[in-house]
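Below: coords_18.csv (CSV, C-alpha atoms)
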```csv
chain,number,residue,atom,x,y,z
A,13,MET,CA,50.7,195.2,-10.3
A,14,GLN,CA,48.4,197.0,-7.9
A,15,PHE,CA,48.6,195.7,-4.3
A,16,VAL,CA,47.4,198.9,-2.5
A,17,LEU,CA,43.8,200.0,-3.0
A,18,THR,CA,43.0,203.4,-4.4
A,19,GLU,CA,40.8,205.8,-2.4
A,20,GLU,CA,37.9,204.9,-4.6
A,21,GLN,CA,38.4,201.2,-4.2
A,22,GLN,CA,38.7,201.6,-0.4
A,23,LEU,CA,35.4,203.5,-0.4
A,24,VAL,CA,33.8,200.6,-2.3
A,25,ARG,CA,35.1,198.1,0.3
A,26,ASP,CA,34.1,200.2,3.3
A,27,THR,CA,30.6,201.0,1.9
A,28,VAL,CA,29.8,197.4,1.1
A,29,ARG,CA,31.2,196.1,4.4
A,30,LYS,CA,29.2,198.5,6.5
A,31,LEU,CA,26.0,197.9,4.6
A,32,LEU,CA,26.3,194.2,4.9
A,33,GLU,CA,27.2,194.3,8.6
A,34,LYS,CA,24.1,196.5,9.2
A,35,GLN,CA,21.6,194.8,6.9
A,36,TRP,CA,22.6,191.2,6.6
A,37,ASP,CA,23.0,188.4,9.2
A,38,PRO,CA,23.9,185.0,7.6
A,39,ARG,CA,22.7,183.2,10.8
A,40,ARG,CA,19.4,185.0,10.9
A,41,ASP,CA,18.8,184.8,7.2
A,42,GLN,CA,20.2,181.3,6.6
A,43,ALA,CA,16.8,180.0,5.3
A,44,LEU,CA,16.8,182.5,2.5
A,45,SER,CA,18.1,181.5,-1.0
A,46,SER,CA,20.1,183.8,-3.2
A,47,ALA,CA,16.9,184.5,-5.3
A,48,ASP,CA,15.3,186.2,-2.2
A,49,ALA,CA,18.0,188.9,-2.1
A,50,VAL,CA,16.4,191.0,-4.9
A,51,ASP,CA,13.5,191.9,-2.5
A,52,GLY,CA,15.9,192.7,0.3
A,53,PRO,CA,17.4,196.0,1.6
A,54,VAL,CA,21.0,195.2,0.6
A,55,TRP,CA,20.2,194.7,-3.1
A,56,ARG,CA,18.1,197.9,-3.1
A,57,GLN,CA,20.7,200.1,-1.4
A,58,LEU,CA,23.6,198.7,-3.6
A,59,ALA,CA,21.5,199.6,-6.6
A,60,GLU,CA,21.0,203.1,-5.3
A,61,LEU,CA,24.7,203.5,-4.7
A,62,GLY,CA,25.4,202.3,-8.2
A,63,LEU,CA,27.4,199.3,-7.0
A,64,LEU,CA,25.3,196.6,-8.7
A,65,GLY,CA,26.9,198.0,-11.9
A,66,ALA,CA,30.4,198.3,-10.5
A,67,GLY,CA,31.9,196.3,-13.3
A,68,LEU,CA,29.6,197.5,-16.1
A,69,PRO,CA,30.5,200.3,-18.6
A,70,GLU,CA,29.6,203.9,-17.6
A,71,ALA,CA,28.2,204.5,-21.1
A,72,HIS,CA,25.3,202.2,-20.2
A,73,GLY,CA,24.6,203.3,-16.6
A,74,GLY,CA,27.4,201.2,-14.9
A,75,ALA,CA,30.0,202.6,-12.6
A,76,GLY,CA,32.9,201.5,-14.7
A,77,LEU,CA,35.1,200.9,-11.7
A,78,GLY,CA,37.0,198.0,-13.2
A,79,ALA,CA,38.1,194.6,-12.2
A,80,VAL,CA,40.0,195.6,-9.1
A,81,ALA,CA,36.9,197.2,-7.6
A,82,LEU,CA,34.8,194.2,-8.6
A,83,SER,CA,37.2,191.9,-6.9
A,84,VAL,CA,37.0,194.1,-3.7
A,85,LEU,CA,33.2,194.0,-3.8
A,86,CYS,CA,33.1,190.2,-4.2
A,87,ALA,CA,35.6,189.6,-1.4
A,88,ASP,CA,33.3,191.5,1.0
A,89,ILE,CA,30.3,189.5,-0.3
A,90,GLY,CA,32.2,186.4,0.6
A,91,ARG,CA,33.3,187.7,4.0
A,92,GLN,CA,29.7,188.5,5.0
A,93,GLN,CA,28.2,185.4,3.4
A,94,TRP,CA,25.7,187.5,1.4
A,95,ARG,CA,23.6,185.2,-0.9
A,96,ALA,CA,22.4,187.2,-3.9
A,97,PRO,CA,22.3,186.9,-7.7
A,98,PHE,CA,25.2,189.4,-8.0
A,99,LEU,CA,27.7,186.9,-9.5
A,100,ALA,CA,25.1,185.4,-11.9
A,101,SER,CA,23.6,188.7,-13.1
A,102,ALA,CA,26.0,191.6,-12.7
A,103,VAL,CA,29.2,189.6,-13.3
A,104,LEU,CA,28.5,186.5,-15.5
A,105,ALA,CA,25.6,187.7,-17.6
A,106,GLY,CA,26.5,191.4,-17.3
A,107,THR,CA,30.1,190.9,-18.6
A,108,ALA,CA,28.8,188.8,-21.5
A,109,LEU,CA,26.4,191.6,-22.4
A,110,ALA,CA,29.1,194.3,-22.1
A,111,GLN,CA,31.4,192.4,-24.4
A,112,ALA,CA,28.8,191.7,-27.0
A,113,PRO,CA,28.3,194.0,-30.0
A,114,SER,CA,26.3,197.1,-29.4
A,115,GLY,CA,22.5,196.9,-30.1
A,116,GLU,CA,19.2,198.2,-28.9
A,117,VAL,CA,18.4,195.1,-26.8
A,118,ARG,CA,21.9,194.7,-25.4
A,119,ASP,CA,22.2,198.4,-24.5
A,120,ARG,CA,18.8,198.5,-22.8
A,121,TRP,CA,19.5,195.4,-20.7
A,122,LEU,CA,22.9,196.8,-19.6
A,123,ARG,CA,21.1,199.9,-18.2
A,124,GLU,CA,18.5,197.7,-16.5
A,125,LEU,CA,21.2,195.5,-14.8
A,126,ALA,CA,23.3,198.5,-13.7
A,127,ALA,CA,20.2,200.1,-12.1
A,128,GLY,CA,19.3,196.8,-10.4
A,129,ARG,CA,15.8,196.9,-11.9
A,130,ARG,CA,16.0,193.5,-13.6
A,131,VAL,CA,18.0,190.3,-13.2
A,132,LEU,CA,19.6,188.4,-16.1
A,133,THR,CA,21.4,185.1,-15.8
A,134,LEU,CA,23.5,182.9,-18.2
A,135,ALA,CA,22.1,179.6,-19.3
A,136,ALA,CA,25.1,177.7,-20.8
A,137,LEU,CA,25.9,174.4,-19.1
A,138,GLU,CA,24.6,171.3,-20.8
A,139,ALA,CA,24.4,167.6,-19.9
A,140,GLY,CA,27.8,165.9,-20.2
A,141,ALA,CA,29.7,169.2,-20.5
A,142,GLY,CA,31.0,169.1,-16.9
A,143,TYR,CA,32.2,172.6,-15.9
A,144,ASP,CA,32.7,173.7,-19.5
A,145,TYR,CA,30.4,176.6,-20.3
A,146,ARG,CA,31.9,176.7,-23.8
A,147,ALA,CA,30.7,173.2,-24.8
A,148,ILE,CA,27.5,174.1,-26.8
A,149,ALA,CA,25.4,171.4,-28.3
A,150,LEU,CA,22.0,173.2,-28.3
A,151,THR,CA,21.4,174.1,-32.0
A,152,ALA,CA,18.7,176.4,-33.4
A,153,ARG,CA,16.7,174.8,-36.2
A,154,ALA,CA,15.8,177.0,-39.1
A,155,THR,CA,12.1,177.8,-39.9
A,156,ALA,CA,10.3,180.0,-42.3
A,157,ALA,CA,10.0,182.7,-39.6
A,158,GLY,CA,13.5,182.4,-38.2
A,159,TRP,CA,14.7,179.8,-35.7
A,160,ARG,CA,13.4,177.5,-33.0
A,161,LEU,CA,15.1,176.0,-29.9
A,162,ASP,CA,14.6,172.7,-28.3
A,163,GLY,CA,16.8,171.4,-25.5
A,164,ARG,CA,17.9,171.9,-21.9
A,165,LYS,CA,20.4,174.0,-19.9
A,166,HIS,CA,21.5,172.8,-16.5
A,167,VAL,CA,22.6,174.5,-13.3
A,168,VAL,CA,21.3,177.9,-14.3
A,169,MET,CA,22.1,180.3,-11.5
A,170,ASP,CA,19.3,182.4,-9.9
A,171,ALA,CA,16.7,181.4,-12.5
A,172,ALA,CA,14.0,181.8,-9.9
A,173,CYS,CA,14.4,185.6,-9.8
A,174,ALA,CA,15.7,186.1,-13.4
A,175,ASP,CA,13.7,188.3,-15.7
A,176,ALA,CA,15.4,186.9,-18.8
A,177,PHE,CA,18.0,184.3,-19.8
A,178,LEU,CA,21.2,184.8,-21.8
A,179,VAL,CA,21.3,181.4,-23.6
A,180,THR,CA,24.2,179.9,-25.5
A,181,CYS,CA,23.4,178.0,-28.7
A,182,ARG,CA,24.5,177.3,-32.2
A,183,ILE,CA,23.1,179.1,-35.2
A,184,ASP,CA,24.3,178.0,-38.6
A,185,ASP,CA,27.0,175.9,-36.8
A,186,ALA,CA,28.4,179.0,-35.2
A,187,PRO,CA,28.2,179.8,-31.4
A,188,ALA,CA,25.7,182.4,-30.5
A,189,LEU,CA,24.3,184.3,-27.5
A,190,VAL,CA,20.6,184.9,-27.5
A,191,LEU,CA,18.3,186.7,-24.9
A,192,LEU,CA,15.0,185.1,-24.0
A,193,GLU,CA,12.5,186.7,-21.7
A,194,LYS,CA,11.3,184.5,-18.8
A,195,ASP,CA,7.6,184.5,-20.0
A,196,GLN,CA,8.5,183.4,-23.5
A,197,ALA,CA,6.3,180.5,-24.7
A,198,GLY,CA,8.0,177.1,-24.4
A,199,LEU,CA,10.5,178.3,-21.8
A,200,GLU,CA,10.3,176.5,-18.4
A,201,ALA,CA,12.6,176.6,-15.4
A,202,ALA,CA,12.6,173.9,-12.7
A,203,PRO,CA,14.2,175.6,-9.7
A,204,PHE,CA,16.1,173.9,-6.8
A,205,THR,CA,18.4,175.2,-4.1
A,206,ALA,CA,22.0,174.2,-3.7
A,207,PHE,CA,23.5,173.2,-0.4
A,208,ASP,CA,24.9,176.8,0.2
A,209,GLY,CA,21.6,178.5,-0.5
A,210,THR,CA,22.3,179.4,-4.2
A,211,SER,CA,19.2,179.3,-6.3
A,212,LEU,CA,19.6,177.0,-9.3
A,213,ALA,CA,17.4,175.6,-12.0
A,214,THR,CA,17.2,173.3,-15.0
A,215,LEU,CA,15.9,175.3,-18.0
A,216,THR,CA,13.8,173.4,-20.6
A,217,LEU,CA,13.2,174.9,-24.1
A,218,THR,CA,10.4,173.4,-26.1
A,219,ASP,CA,9.9,174.8,-29.6
A,220,VAL,CA,11.0,178.3,-28.4
A,221,ALA,CA,10.8,181.0,-31.1
A,222,LEU,CA,14.0,182.8,-31.6
A,223,PRO,CA,13.6,186.2,-33.4
A,224,GLU,CA,16.5,187.9,-35.0
A,225,ALA,CA,16.4,190.8,-32.4
A,226,ALA,CA,17.1,188.2,-29.7
A,227,VAL,CA,20.4,187.2,-31.2
A,228,LEU,CA,23.0,189.4,-29.5
A,229,ALA,CA,26.3,187.9,-30.7
A,230,ARG,CA,27.4,185.2,-33.2
A,231,GLY,CA,30.6,183.5,-34.1
A,232,ALA,CA,33.8,185.0,-32.8
A,233,ALA,CA,31.9,187.8,-31.1
A,234,ALA,CA,29.9,185.3,-29.1
A,235,ASP,CA,33.1,183.4,-28.2
A,236,GLN,CA,34.9,186.5,-27.0
A,237,ALA,CA,31.9,187.7,-25.0
A,238,LEU,CA,31.6,184.3,-23.3
A,239,ASP,CA,35.3,184.0,-22.6
A,240,ALA,CA,35.3,187.5,-21.0
A,241,ALA,CA,32.3,186.5,-18.9
A,242,LEU,CA,33.9,183.3,-17.7
A,243,ALA,CA,37.2,185.1,-16.8
A,244,HIS,CA,35.3,187.7,-14.8
A,245,ALA,CA,33.3,185.0,-13.1
A,246,ALA,CA,36.5,183.2,-12.2
A,247,LEU,CA,37.9,186.4,-10.7
A,248,ALA,CA,34.6,187.0,-8.8
A,249,ALA,CA,34.6,183.4,-7.5
A,250,ALA,CA,38.2,183.5,-6.4
A,251,SER,CA,37.7,186.9,-4.7
A,252,GLU,CA,34.6,185.7,-2.9
A,253,THR,CA,36.5,182.6,-1.8
A,254,LEU,CA,39.3,184.9,-0.5
A,255,GLY,CA,36.8,186.9,1.4
A,256,ALA,CA,35.2,183.8,2.9
A,257,CYS,CA,38.6,182.6,4.0
A,258,GLU,CA,39.4,185.9,5.6
A,259,GLY,CA,36.1,186.0,7.4
A,260,ALA,CA,36.5,182.4,8.7
A,261,PHE,CA,40.2,182.9,9.6
A,262,GLU,CA,39.5,186.2,11.5
A,263,ARG,CA,36.7,184.6,13.5
A,264,THR,CA,38.9,181.6,14.3
A,265,LEU,CA,41.7,183.8,15.6
A,266,ASP,CA,39.3,185.7,17.8
A,267,TYR,CA,38.0,182.3,19.2
A,268,LEU,CA,41.6,181.1,19.9
A,269,ARG,CA,42.4,184.3,21.7
A,270,LEU,CA,39.4,184.1,23.9
A,271,ARG,CA,38.7,180.4,24.5
A,272,GLU,CA,40.5,178.8,27.4
A,273,GLN,CA,41.3,175.2,28.1
A,274,PHE,CA,42.7,174.1,31.5
A,275,GLY,CA,42.9,177.7,32.4
A,276,VAL,CA,45.1,178.6,29.4
A,277,ARG,CA,44.2,180.5,26.2
A,278,LEU,CA,44.1,178.3,23.1
A,279,ALA,CA,46.2,180.9,21.3
A,280,THR,CA,49.1,180.0,23.5
A,281,PHE,CA,49.3,176.4,22.3
A,282,GLN,CA,52.2,176.1,19.8
A,283,ALA,CA,50.5,173.4,17.7
A,284,LEU,CA,47.5,175.7,17.1
A,285,ARG,CA,49.7,178.7,16.4
A,286,HIS,CA,51.5,176.7,13.7
A,287,ARG,CA,48.3,175.7,12.1
A,288,ALA,CA,47.1,179.3,12.1
A,289,SER,CA,50.4,180.5,10.6
A,290,ASP,CA,50.1,177.9,7.8
A,291,LEU,CA,46.6,179.2,7.0
A,292,HIS,CA,47.9,182.8,7.0
A,293,ALA,CA,50.5,181.8,4.5
A,294,ASP,CA,47.9,180.2,2.2
A,295,LEU,CA,45.8,183.3,2.4
A,296,GLU,CA,48.6,185.6,1.5
A,297,MET,CA,49.5,183.5,-1.5
A,298,LEU,CA,45.8,183.5,-2.7
A,299,ARG,CA,45.5,187.3,-2.0
A,300,ALA,CA,48.5,187.9,-4.3
A,301,LEU,CA,47.1,185.7,-7.1
A,302,VAL,CA,43.7,187.4,-6.9
A,303,ALA,CA,45.4,190.8,-7.1
A,304,GLY,CA,47.3,189.7,-10.1
A,305,ALA,CA,44.2,188.4,-11.8
A,306,ALA,CA,42.3,191.6,-11.2
A,307,ASP,CA,45.2,193.6,-12.6
A,308,GLY,CA,45.3,191.3,-15.7
A,309,LEU,CA,41.5,191.7,-16.3
A,310,SER,CA,41.8,195.5,-16.0
A,311,ARG,CA,44.0,195.3,-19.1
A,312,ASP,CA,42.5,192.4,-21.0
A,313,PRO,CA,38.8,191.3,-20.4
A,314,ARG,CA,39.7,187.7,-21.3
A,315,HIS,CA,43.0,187.5,-19.3
A,316,GLY,CA,43.7,184.0,-18.1
A,317,ASP,CA,45.2,184.8,-14.7
A,318,ALA,CA,41.7,184.7,-13.3
A,319,PHE,CA,41.6,180.9,-13.9
A,320,ALA,CA,45.0,180.5,-12.1
A,321,ALA,CA,43.5,182.4,-9.1
A,322,LEU,CA,40.5,180.2,-9.0
A,323,ALA,CA,42.6,177.1,-9.4
A,324,LEU,CA,44.4,178.1,-6.2
A,325,ALA,CA,41.2,179.4,-4.5
A,326,VAL,CA,39.5,176.0,-4.7
A,327,PRO,CA,42.0,174.0,-2.4
A,328,VAL,CA,42.9,177.0,-0.2
A,329,GLY,CA,39.2,177.8,0.4
A,330,ASP,CA,38.4,174.2,1.3
A,331,ARG,CA,41.5,173.9,3.6
A,332,VAL,CA,41.1,177.2,5.4
A,333,CYS,CA,37.3,176.8,6.0
A,334,ARG,CA,37.7,173.2,7.2
A,335,GLU,CA,40.5,174.2,9.6
A,336,ALA,CA,38.3,177.0,10.9
A,337,ILE,CA,35.6,174.5,11.8
A,338,GLN,CA,38.0,172.1,13.4
A,339,LEU,CA,39.8,174.8,15.4
A,340,HIS,CA,36.5,175.9,16.8
A,341,GLY,CA,35.9,172.4,18.1
A,342,GLY,CA,32.4,170.9,18.4
A,343,ILE,CA,30.7,174.3,18.3
A,344,GLY,CA,32.2,174.8,14.8
A,345,MET,CA,29.8,172.1,13.5
A,346,THR,CA,26.6,174.0,14.6
A,347,ARG,CA,24.5,176.0,12.2
A,348,GLU,CA,24.0,178.6,15.0
A,349,LEU,CA,27.7,179.6,14.9
A,350,GLY,CA,27.6,180.0,11.2
A,351,ILE,CA,31.3,179.2,10.6
A,352,GLY,CA,30.3,176.2,8.4
A,353,GLY,CA,28.6,178.5,5.9
A,354,TYR,CA,31.9,179.6,4.6
A,355,LEU,CA,32.9,176.1,3.7
A,356,LEU,CA,29.5,175.5,2.0
A,357,ARG,CA,30.0,178.5,-0.2
A,358,VAL,CA,33.5,177.9,-1.3
A,359,ASN,CA,32.7,174.4,-2.2
A,360,ALA,CA,29.6,175.5,-4.1
A,361,LEU,CA,31.7,177.9,-6.1
A,362,SER,CA,34.1,175.1,-7.1
A,363,ARG,CA,31.1,173.1,-8.3
A,364,LEU,CA,29.7,176.0,-10.3
A,365,PHE,CA,32.9,177.2,-12.0
A,366,GLY,CA,35.2,174.2,-11.9
A,367,ASP,CA,37.7,172.5,-9.6
A,368,ALA,CA,41.4,173.2,-9.4
A,369,THR,CA,42.3,170.8,-12.2
A,370,TYR,CA,39.8,172.3,-14.6
A,371,ASN,CA,40.8,175.9,-13.9
A,372,GLY,CA,44.4,175.0,-14.0
A,373,GLY,CA,43.8,173.6,-17.5
A,374,ARG,CA,42.0,176.7,-18.6
A,375,TYR,CA,45.0,178.8,-17.5
A,376,LEU,CA,47.4,176.6,-19.4
A,377,ASP,CA,45.1,176.8,-22.5
A,378,TYR,CA,45.2,180.6,-22.2
A,379,LEU,CA,49.0,180.6,-22.1
A,380,GLU,CA,49.2,178.4,-25.2
A,381,GLU,CA,46.7,180.5,-27.1
A,382,THR,CA,48.2,183.9,-26.1
A,383,PRO,CA,51.3,185.1,-28.1
A,384,HIS,CA,54.2,186.1,-25.9
A,385,ASP,CA,57.3,188.1,-26.8
```
Write out the structure in this file as structure tokens.
Amino acid sequence: MQFVLTEEQQLVRDTVRKLLEKQWDPRRDQALSSADAVDGPVWRQLAELGLLGAGLPEAHGGAGLGAVALSVLCADIGRQQWRAPFLASAVLAGTALAQAPSGEVRDRWLRELAAGRRVLTLAALEAGAGYDYRAIALTARATAAGWRLDGRKHVVMDAACADAFLVTCRIDDAPALVLLEKDQAGLEAAPFTAFDGTSLATLTLTDVALPEAAVLARGAAADQALDAALAHAALAAASETLGACEGAFERTLDYLRLREQFGVRLATFQALRHRASDLHADLEMLRALVAGAADGLSRDPRHGDAFAALALAVPVGDRVCREAIQLHGGIGMTRELGIGGYLLRVNALSRLFGDATYNGGRYLDYLEETPHD
């Protein structure tokens, strides 16, 4: 397992960190939603550097840097609290596209995503499905000209800035991935903003025409593409949570070293030192699991260790970020300080991709489904 970054991965980390520190201020930009990022300087410069396609194949314009580099990039996004459609477009939808069978539409969209020219998002969650993106009830009905779609998809990430939607449905009782342009007749998105600034929407499909060219994957190919997308999204969410925890923890340590009470630095109080050491232990355990998940996905695009990492990231993220607020005292509750933004983000990720119980169950399912020597 790789615990030390290569020179290339260190360059990704340093580049993204410096760019975000220079161009993004979460306290200044706290009114912006994730959909606003595509018009901002960070998105544009990451596209110019080729990092929006970090996890996409080189054959279609991506950087092909692999899961470890993707994890490093997402950790710094979490550390700097950058709100953008990167997870929705480059990771979730981008991985599903990359794992789908080759085709003219699929290959063209991969090049567009890698260049940062267009945004694609996955529309998969349905009413009553909970966190399960694989629970597909939306069924295409056959017509003389092909198929038609009627139904709804919920909690669609960054629909407000998406140029198209990768929609899960059933065709002839088999799962399918289809691509629908945002201006297609009968397609309507009702946007809203989550508590952490993530742009979300409910997608309504009313008699939407589904041509054959829009069907990117069916049956086992669709299942495999979706499973790979969810595994990479779990890694990205766990990595972003790790980065958020690191950012919150480092700012808290700086505060304890500088803040005085009764003429004594807070960092000298034994009770506070014990609390900080417990958080450090939690972070090291999460860091090891995220590294293992990235290593697993670099060998198998559907590796289940990503779900184990997210299962641990959910409680660790909540605990570390809550402790960071409490250790700052009253000022930790203010929006101006911005420390609470870390807690909002890690809790939002757990609502988007599942809590600890759900992701732990996904990991156990993977172990049962995967043959072992």
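We find atom CA of Ser46 of chain A and atom CA of Ala171 of chain A to be spaced 10.2 Å apart.
Of note, atom CA of Val358 of chain A and atom CA of Gly255 of chain A are spaced 10.0 Å apart.
Remark: for Ala256 of chain A, the closest of the candidate residues A:Gln35, A:Thr346, A:Gln92, A:Thr280 is A:Gln92 (distances computed over only C-alpha atoms).
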- What lies within 8 Å of Tyr267 of chain A using only C-alpha atoms, ignoring chain neighbours under 4 positions off, as a ChimeraX atom specification? /A:263,271,340
List as a short mmCIF file (atom, residue, chain, number, x, y, z; two decimals) with C-alpha atoms, keeping the file's coordinate frame the protein and nucleic acid residues near segment 18-31 of chain A, meaning an atom at most 10 Å away when all atoms listed in the file are counted, but skip any in the same chain fewer than 3 places from it.
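Result file is selection.cif:
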```cif
data_model
loop_
_atom_site.label_atom_id
_atom_site.label_comp_id
_atom_site.auth_asym_id
_atom_site.auth_seq_id
_atom_site.Cartn_x
_atom_site.Cartn_y
_atom_site.Cartn_z
CA GLN A 14 48.40 197.00 -7.90
CA PHE A 15 48.60 195.70 -4.30
CA LYS A 34 24.10 196.50 9.20
CA GLN A 35 21.60 194.80 6.90
CA TRP A 36 22.60 191.20 6.60
CA PRO A 53 17.40 196.00 1.60
CA VAL A 54 21.00 195.20 0.60
CA GLN A 57 20.70 200.10 -1.40
CA LEU A 58 23.60 198.70 -3.60
CA LEU A 61 24.70 203.50 -4.70
CA LEU A 63 27.40 199.30 -7.00
CA ALA A 66 30.40 198.30 -10.50
CA LEU A 77 35.10 200.90 -11.70
CA GLY A 78 37.00 198.00 -13.20
CA VAL A 80 40.00 195.60 -9.10
CA ALA A 81 36.90 197.20 -7.60
CA LEU A 82 34.80 194.20 -8.60
CA SER A 83 37.20 191.90 -6.90
CA VAL A 84 37.00 194.10 -3.70
CA LEU A 85 33.20 194.00 -3.80
CA CYS A 86 33.10 190.20 -4.20
CA ALA A 87 35.60 189.60 -1.40
CA ASP A 88 33.30 191.50 1.00
CA ILE A 89 30.30 189.50 -0.30
CA ARG A 91 33.30 187.70 4.00
CA GLN A 92 29.70 188.50 5.00
#
```
Could you extract segment 53-66 of chain A of the given structure into a file holding N, CA and C atoms, as a PDB file, in the first residue's frame?
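Output file result.pdb follows:
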```pdb
ATOM      1  N   PRO A  53     -12.406  31.801 -11.093  1.00  0.00           N
ATOM      2  CA  PRO A  53     -11.020  31.620 -11.550  1.00  0.00           C
ATOM      3  C   PRO A  53     -10.435  30.260 -11.208  1.00  0.00           C
ATOM      4  N   VAL A  54     -10.847  29.659 -10.094  1.00  0.00           N
ATOM      5  CA  VAL A  54     -10.267  28.368  -9.699  1.00  0.00           C
ATOM      6  C   VAL A  54     -10.644  27.290 -10.708  1.00  0.00           C
ATOM      7  N   TRP A  55     -11.903  27.242 -11.078  1.00  0.00           N
ATOM      8  CA  TRP A  55     -12.365  26.236 -12.055  1.00  0.00           C
ATOM      9  C   TRP A  55     -11.618  26.406 -13.376  1.00  0.00           C
ATOM     10  N   ARG A  56     -11.497  27.655 -13.817  1.00  0.00           N
ATOM     11  CA  ARG A  56     -10.835  27.936 -15.088  1.00  0.00           C
ATOM     12  C   ARG A  56      -9.360  27.526 -15.059  1.00  0.00           C
ATOM     13  N   GLN A  57      -8.670  27.842 -13.964  1.00  0.00           N
ATOM     14  CA  GLN A  57      -7.246  27.517 -13.886  1.00  0.00           C
ATOM     15  C   GLN A  57      -7.005  26.021 -13.697  1.00  0.00           C
ATOM     16  N   LEU A  58      -7.876  25.348 -12.959  1.00  0.00           N
ATOM     17  CA  LEU A  58      -7.747  23.893 -12.839  1.00  0.00           C
ATOM     18  C   LEU A  58      -7.955  23.224 -14.194  1.00  0.00           C
ATOM     19  N   ALA A  59      -8.877  23.780 -14.989  1.00  0.00           N
ATOM     20  CA  ALA A  59      -9.090  23.240 -16.335  1.00  0.00           C
ATOM     21  C   ALA A  59      -7.843  23.442 -17.188  1.00  0.00           C
ATOM     22  N   GLU A  60      -7.229  24.617 -17.103  1.00  0.00           N
ATOM     23  CA  GLU A  60      -6.022  24.899 -17.875  1.00  0.00           C
ATOM     24  C   GLU A  60      -4.868  23.984 -17.476  1.00  0.00           C
ATOM     25  N   LEU A  61      -4.817  23.627 -16.196  1.00  0.00           N
ATOM     26  CA  LEU A  61      -3.762  22.742 -15.703  1.00  0.00           C
ATOM     27  C   LEU A  61      -4.060  21.263 -15.977  1.00  0.00           C
ATOM     28  N   GLY A  62      -5.258  20.976 -16.442  1.00  0.00           N
ATOM     29  CA  GLY A  62      -5.640  19.601 -16.723  1.00  0.00           C
ATOM     30  C   GLY A  62      -6.092  18.821 -15.511  1.00  0.00           C
ATOM     31  N   LEU A  63      -6.303  19.507 -14.385  1.00  0.00           N
ATOM     32  CA  LEU A  63      -6.632  18.805 -13.141  1.00  0.00           C
ATOM     33  C   LEU A  63      -8.115  18.514 -12.991  1.00  0.00           C
ATOM     34  N   LEU A  64      -8.977  19.155 -13.781  1.00  0.00           N
ATOM     35  CA  LEU A  64     -10.386  18.774 -13.742  1.00  0.00           C
ATOM     36  C   LEU A  64     -10.576  17.374 -14.303  1.00  0.00           C
ATOM     37  N   GLY A  65      -9.616  16.932 -15.108  1.00  0.00           N
ATOM     38  CA  GLY A  65      -9.653  15.578 -15.640  1.00  0.00           C
ATOM     39  C   GLY A  65      -8.633  14.675 -14.999  1.00  0.00           C
ATOM     40  N   ALA A  66      -8.290  14.955 -13.748  1.00  0.00           N
ATOM     41  CA  ALA A  66      -7.243  14.187 -13.062  1.00  0.00           C
ATOM     42  C   ALA A  66      -7.532  12.700 -13.054  1.00  0.00           C
TER      43      ALA A  66
END
```
